[in-house]
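K.L.:
Okay, so here is run.txt, and as you'll see once you scroll down, it has compact mmCIF, C-alpha atoms.
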```
# COMPACT_ATOMS: atom_id res chain seq x y z
CA MET I 1 -22.03 -0.27 12.30
CA PRO I 2 -19.59 0.71 9.51
CA THR I 3 -15.99 -0.44 9.75
CA VAL I 4 -12.80 1.48 9.01
CA LEU I 5 -9.38 0.04 8.22
CA PHE I 6 -6.31 2.25 8.49
CA ASN I 7 -3.67 0.74 6.20
CA ALA I 8 -0.08 1.99 6.24
CA ASP I 9 1.67 1.85 2.87
CA ASP I 10 5.43 1.48 2.27
CA PHE I 11 6.23 -1.01 5.04
CA GLY I 12 9.79 -2.05 4.26
CA LEU I 13 10.84 1.18 2.57
CA CYS I 14 13.32 2.01 5.34
CA ARG I 15 13.78 1.62 9.09
CA GLY I 16 12.29 5.02 9.88
CA VAL I 17 9.07 4.18 8.06
CA ASN I 18 8.97 0.70 9.61
CA HIS I 19 9.30 1.96 13.18
CA ALA I 20 6.60 4.60 12.65
CA ILE I 21 4.18 2.02 11.26
CA ILE I 22 4.67 -0.16 14.32
CA ASP I 23 4.23 2.83 16.65
CA SER I 24 1.05 3.81 14.80
CA HIS I 25 -0.23 0.25 15.25
CA VAL I 26 0.75 -0.35 18.87
CA ASN I 27 -0.18 3.13 20.07
CA GLY I 28 -2.70 4.23 17.43
CA VAL I 29 -5.36 3.26 14.92
CA VAL I 30 -3.29 1.54 12.20
CA ALA I 31 -4.48 -2.04 11.84
CA SER I 32 -2.65 -3.17 8.72
CA ALA I 33 0.33 -2.39 6.54
CA THR I 34 1.43 -3.39 3.07
CA MET I 35 5.05 -4.38 2.52
CA LEU I 36 7.47 -3.64 -0.29
CA VAL I 37 9.53 -6.79 -0.86
CA ASN I 38 12.22 -5.10 -2.98
CA ALA I 39 13.26 -2.28 -0.66
CA PRO I 40 16.24 -1.74 1.67
CA GLY I 41 14.09 -2.05 4.78
CA THR I 42 12.21 -5.19 3.74
CA MET I 43 13.92 -7.67 6.06
CA HIS I 44 13.64 -5.25 8.98
CA ALA I 45 9.90 -5.03 8.25
CA VAL I 46 9.69 -8.84 8.20
CA GLU I 47 11.25 -8.98 11.67
CA LEU I 48 8.82 -6.36 12.97
CA ALA I 49 5.82 -8.07 11.39
CA LYS I 50 6.71 -11.35 13.08
CA ALA I 51 7.21 -9.57 16.39
CA HIS I 52 3.79 -7.86 16.07
CA PRO I 53 1.38 -10.51 14.75
CA THR I 54 -1.65 -8.30 15.47
CA LEU I 55 -0.57 -6.11 12.56
CA GLN I 56 -2.24 -7.46 9.44
CA THR I 57 0.42 -7.43 6.73
CA GLY I 58 -0.25 -7.39 3.02
CA ILE I 59 1.91 -6.86 -0.05
CA HIS I 60 2.64 -3.45 -1.58
CA LEU I 61 3.32 -4.56 -5.15
CA ALA I 62 5.92 -2.45 -6.91
CA LEU I 63 6.47 -1.38 -10.50
CA THR I 64 7.65 2.19 -9.89
CA ILE I 65 10.24 1.88 -7.13
CA GLY I 66 13.39 -0.21 -6.81
CA SER I 67 14.32 -3.09 -9.11
CA PRO I 68 12.44 -6.19 -10.28
CA VAL I 69 12.47 -9.39 -8.29
CA SER I 70 12.10 -11.54 -11.40
CA ASP I 71 14.11 -11.91 -14.59
CA ARG I 72 12.89 -11.38 -18.15
CA VAL I 73 10.75 -8.28 -17.64
CA PRO I 74 12.33 -5.86 -20.16
CA SER I 75 9.13 -3.88 -20.67
CA LEU I 76 9.14 -2.83 -17.01
CA ILE I 77 12.67 -1.50 -16.58
CA GLY I 78 14.57 1.61 -17.55
CA LYS I 79 18.06 2.74 -16.66
CA ASN I 80 20.27 0.57 -14.43
CA ASP I 81 17.76 -2.29 -14.60
CA SER I 82 15.43 -0.42 -12.23
CA PHE I 83 11.72 0.18 -12.66
CA ARG I 84 10.79 3.28 -14.61
CA LYS I 85 9.24 6.25 -12.84
CA LEU I 86 5.47 6.42 -12.59
CA ALA I 87 4.87 8.77 -15.53
CA ASP I 88 6.75 6.46 -17.89
CA GLN I 89 5.48 3.22 -16.41
CA ARG I 90 1.87 4.20 -17.14
CA ASN I 91 2.62 4.18 -20.86
CA GLU I 92 0.62 1.20 -22.09
CA THR I 93 2.63 1.06 -25.30
CA LEU I 94 5.67 0.10 -23.21
CA ILE I 95 4.38 -2.12 -20.41
CA ASP I 96 3.49 -5.78 -21.04
CA PRO I 97 0.74 -7.10 -18.71
CA GLU I 98 2.17 -10.63 -18.97
CA GLU I 99 5.47 -9.36 -17.58
CA VAL I 100 3.54 -7.63 -14.79
CA VAL I 101 2.03 -11.00 -13.87
CA ARG I 102 5.52 -12.54 -13.88
CA GLU I 103 6.98 -9.80 -11.71
CA TRP I 104 4.13 -9.54 -9.24
CA THR I 105 4.00 -13.32 -8.91
CA ALA I 106 7.68 -13.21 -7.97
CA GLN I 107 7.02 -10.47 -5.42
CA ILE I 108 4.14 -12.41 -3.87
CA GLU I 109 6.24 -15.57 -3.73
CA ARG I 110 9.09 -13.67 -2.07
CA PHE I 111 6.69 -12.41 0.60
CA LEU I 112 5.43 -15.96 1.18
CA SER I 113 9.02 -17.16 1.52
CA PHE I 114 9.35 -14.92 4.59
CA GLY I 115 6.89 -17.16 6.42
CA LEU I 116 4.20 -14.48 6.57
CA THR I 117 0.54 -14.82 5.60
CA PRO I 118 -0.60 -11.91 3.40
CA SER I 119 -3.82 -10.15 4.33
CA HIS I 120 -4.35 -8.46 0.96
CA LEU I 121 -2.73 -6.84 -2.06
CA ASP I 122 -2.29 -3.24 -3.15
CA SER I 123 0.42 -1.40 -5.06
CA HIS I 124 2.83 1.50 -4.92
CA HIS I 125 1.24 4.53 -6.60
CA HIS I 126 -2.01 2.50 -7.00
CA ILE I 127 -0.75 1.17 -10.32
CA HIS I 128 -2.77 -2.04 -9.84
CA GLY I 129 -5.84 0.07 -10.52
CA TRP I 130 -4.70 1.05 -14.01
CA SER I 131 -7.20 -0.31 -16.53
CA HIS I 132 -4.43 -1.61 -18.81
CA LEU I 133 -3.47 -4.08 -16.06
CA ARG I 134 -6.96 -5.45 -15.54
CA SER I 135 -6.05 -8.82 -17.10
CA ALA I 136 -3.01 -9.11 -14.81
CA ILE I 137 -5.16 -8.46 -11.73
CA GLU I 138 -7.66 -11.12 -12.79
CA THR I 139 -4.86 -13.65 -13.36
CA LEU I 140 -3.31 -13.00 -9.95
CA SER I 141 -6.70 -13.11 -8.24
CA THR I 142 -7.34 -16.56 -9.70
CA ALA I 143 -3.89 -17.74 -8.62
CA TYR I 144 -3.86 -16.43 -5.04
CA GLY I 145 -7.44 -15.56 -4.03
CA LEU I 146 -6.36 -12.52 -2.04
CA PRO I 147 -8.48 -9.37 -1.71
CA TRP I 148 -7.32 -6.16 -3.37
CA ARG I 149 -7.41 -2.51 -2.37
CA ASN I 150 -10.56 -1.13 -3.98
CA ALA I 151 -8.87 1.49 -6.15
CA PHE I 152 -9.58 0.44 -9.73
CA GLU I 153 -10.18 2.63 -12.75
CA GLU I 154 -12.14 -0.26 -14.26
CA GLN I 155 -13.52 -3.02 -12.06
CA PRO I 156 -11.89 -6.39 -12.86
CA ASN I 157 -13.85 -9.63 -12.88
CA GLY I 158 -13.61 -12.27 -10.17
CA VAL I 159 -11.82 -10.03 -7.67
CA ASP I 160 -12.47 -9.75 -3.94
CA TYR I 161 -12.13 -6.30 -2.42
CA LEU I 162 -10.54 -5.54 0.92
CA THR I 163 -13.23 -2.98 1.75
CA GLU I 164 -16.31 -1.57 0.06
CA ALA I 165 -14.66 1.84 -0.32
CA PHE I 166 -11.19 3.33 -0.40
CA ASP I 167 -10.17 6.89 0.51
CA ALA I 168 -6.79 8.54 -0.11
CA ARG I 169 -7.50 12.05 1.20
CA PHE I 170 -5.44 11.64 4.39
CA TYR I 171 -2.37 12.89 2.51
CA LYS I 172 -0.35 16.11 2.21
CA GLN I 173 -2.71 19.00 3.12
CA GLY I 174 -5.27 16.47 4.33
CA VAL I 175 -3.15 15.20 7.22
CA ASN I 176 -5.27 16.24 10.19
CA GLU I 177 -8.03 14.88 12.41
CA GLU I 178 -10.63 17.04 10.69
CA MET I 179 -9.98 15.26 7.41
CA LEU I 180 -10.30 11.84 9.06
CA ASN I 181 -13.64 12.88 10.52
CA GLN I 182 -14.75 14.14 7.11
CA ILE I 183 -13.73 10.90 5.41
CA LEU I 184 -15.72 8.84 7.90
CA ASN I 185 -18.71 11.15 7.60
CA ASP I 186 -18.65 10.76 3.81
CA HIS I 187 -18.71 6.95 4.09
CA THR I 188 -21.36 6.40 6.75
CA ASN I 189 -23.65 4.69 4.21
CA GLN I 190 -21.05 2.06 3.33
CA GLN I 191 -20.19 -1.07 5.28
CA SER I 192 -16.42 -0.59 5.21
CA VAL I 193 -13.77 1.89 4.12
CA GLU I 194 -9.99 1.70 3.93
CA ILE I 195 -8.07 4.88 4.74
CA MET I 196 -4.59 5.00 3.22
CA CYS I 197 -1.81 6.41 5.37
CA HIS I 198 1.97 6.81 5.29
CA PRO I 199 3.42 7.09 8.81
CA GLY I 200 7.16 7.52 8.96
CA TYR I 201 10.14 8.89 10.84
CA ILE I 202 12.72 10.76 8.80
CA ASP I 203 16.01 8.99 8.21
CA GLN I 204 18.71 9.50 5.61
CA PHE I 205 17.36 6.94 3.18
CA LEU I 206 13.89 8.46 3.24
CA THR I 207 15.21 11.93 2.48
CA ASN I 208 17.16 10.48 -0.45
CA VAL I 209 14.24 8.70 -2.11
CA SER I 210 11.09 10.61 -1.16
CA SER I 211 9.83 14.19 -1.19
CA TYR I 212 7.11 13.13 1.25
CA THR I 213 9.04 13.27 4.53
CA LYS I 214 7.84 15.74 7.17
CA GLU I 215 4.26 14.88 6.32
CA ARG I 216 4.94 11.27 7.30
CA MET I 217 5.88 12.43 10.78
CA ASP I 218 2.73 14.54 10.92
CA GLU I 219 0.70 11.49 9.91
CA THR I 220 2.32 9.42 12.64
CA GLU I 221 1.36 11.97 15.27
CA VAL I 222 -2.26 12.12 14.12
CA LEU I 223 -2.59 8.35 13.82
CA MET I 224 -1.26 7.76 17.33
CA ASN I 225 -3.68 10.25 18.87
CA TYR I 226 -6.86 9.88 16.80
CA ARG I 227 -10.01 8.53 18.41
CA LEU I 228 -12.83 7.13 16.29
CA PRO I 229 -16.15 8.95 16.49
CA LYS I 230 -19.19 7.12 17.80
CA GLY I 231 -20.87 4.85 15.32
CA TRP I 232 -17.64 3.53 13.79
CA HIS I 233 -15.82 0.27 14.40
CA SER I 234 -12.14 -0.25 13.67
CA ILE I 235 -10.95 -3.51 12.11
CA LYS I 236 -8.05 -3.34 14.60
```
For this file, produce the structure as structure tokens.

P.N.:
Amino acid sequence: MPTVLFNADDFGLCRGVNHAIIDSHVNGVVASATMLVNAPGTMHAVELAKAHPTLQTGIHLALTIGSPVSDRVPSLIGKNDSFRKLADQRNETLIDPEEVVREWTAQIERFLSFGLTPSHLDSHHHIHGWSHLRSAIETLSTAYGLPWRNAFEEQPNGVDYLTEAFDARFYKQGVNEEMLNQILNDHTNQQSVEIMCHPGYIDQFLTNVSSYTKERMDETEVLMNYRLPKGWHSIK
């Protein structure tokens, strides 16, 4: 029987997102979430994760939101010592993979300092899958032995994958039960698939930093009411 994992991104972004992730876990199909360790809602997310140990919690590694955790990463930052936006950060003439290792090591170590055990690694905007960072992924895999979201442009060596497949179609116009059924139907010949999701409740911080707001509420509603079709097993 194939297995599906619903993973909620952006845990720690803000309180509204955090509460919706917990609601989607307790009352819905979300089994895991990945946490930003450099966001305003991080410590609130840590409290919620400890209060809900059945929620598998991984690390949502950041290079395109907020500020670095480590020092000495000049190739990763733009104005005001914050990370550059995605379009600029993907410029391989600017970004140094060794500094990515330094920064993501610091983010992983910060997560570990919270007293939590990480389930896996992924990244904001899927930047870990960028082929230019393949060497960084291999280095971190050797150091920590954690599985990664299977969303790579070029498959790295020596890496364990969280699931056999990954699907990001439950997003924007794809936020509905019909899309979830279609995703599962398309992956029936694989042993496991991760479905990315972004549940959230709108608060002031979210409206200030994200254009993806109402859709997060729509996702939350679907995730709390969805029932898996026969033949599928949830990791939850």

K.L.:
Can you tell me which residues surround range 89-105 of chain I at a distance of at most 8 Å, considering all atoms listed in the file, apart from same-chain residues fewer than 3 positions away, and format the answer as a PyMOL selection string?

P.N.:
chain I and resi 61-64+68-73+75-76+83-86+108-109+127+130+132-133+135-137+139-140

K.L.:
Using Å and a single decimal, report how far CA of Glu194 in chain I sits from CA of Phe6 in chain I.

P.N.:
5.9 Å

K.L.:
Just to confirm, what's the straight-line distance from CA of Pro156 in chain I to CA of His128 in chain I in Å (one decimal)?

P.N.:
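Separation between CA of Pro156 in chain I and CA of His128 in chain I: 10.5 Å.
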
K.L.:
Under the rule that all atoms listed in the file are counted, which of I:Ile59, I:Ala20, I:Val209, I:Ala51 is the nearest residue to Ala33 in chain I?

P.N.:
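So, comparing all the options, the nearest one is I:Ile59.
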
K.L.:
Dump as a ChimeraX atom specification all residues having an atom at most 7 Å from (-11.8, -2.6, -14.4), computed in the file's coordinates with all atoms listed in the file.

P.N.:
/I:131,134,152-156

K.L.:
Counting only C-alpha atoms, which residues of range 82-128 of chain I sit at most 10 Å from some atom of range 43-49 of chain I, and what is each one's closest atom pair with its distance in Å to one decimal, listed by chain and rising residue number, as a tab-separated table?

P.N.:
```
residue	atom	partner	partner_atom	distance
I:Phe111	CA	I:Val46	CA	8.9
I:Phe114	CA	I:Val46	CA	7.1
I:Gly115	CA	I:Val46	CA	9.0
I:Leu116	CA	I:Val46	CA	8.0
```

K.L.:
Restricting the calculation to all atoms listed in the file: of I:Thr213, I:Gly58, I:Gln190, I:Asn38, which residue gets closest to Pro147 in chain I?

P.N.:
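The shortest atom-to-atom distance to Pro147 in chain I comes from I:Gly58.
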
K.L.:
List the neighbours of range 13-18 of chain I out to 9 Å using all atoms listed in the file; skip same-chain residues closer than 5 positions along the sequence, and give me the result as an NGL selection string.

P.N.:
:I and (23 or 35-42 or 44-45 or 48 or 198-206 or 216)
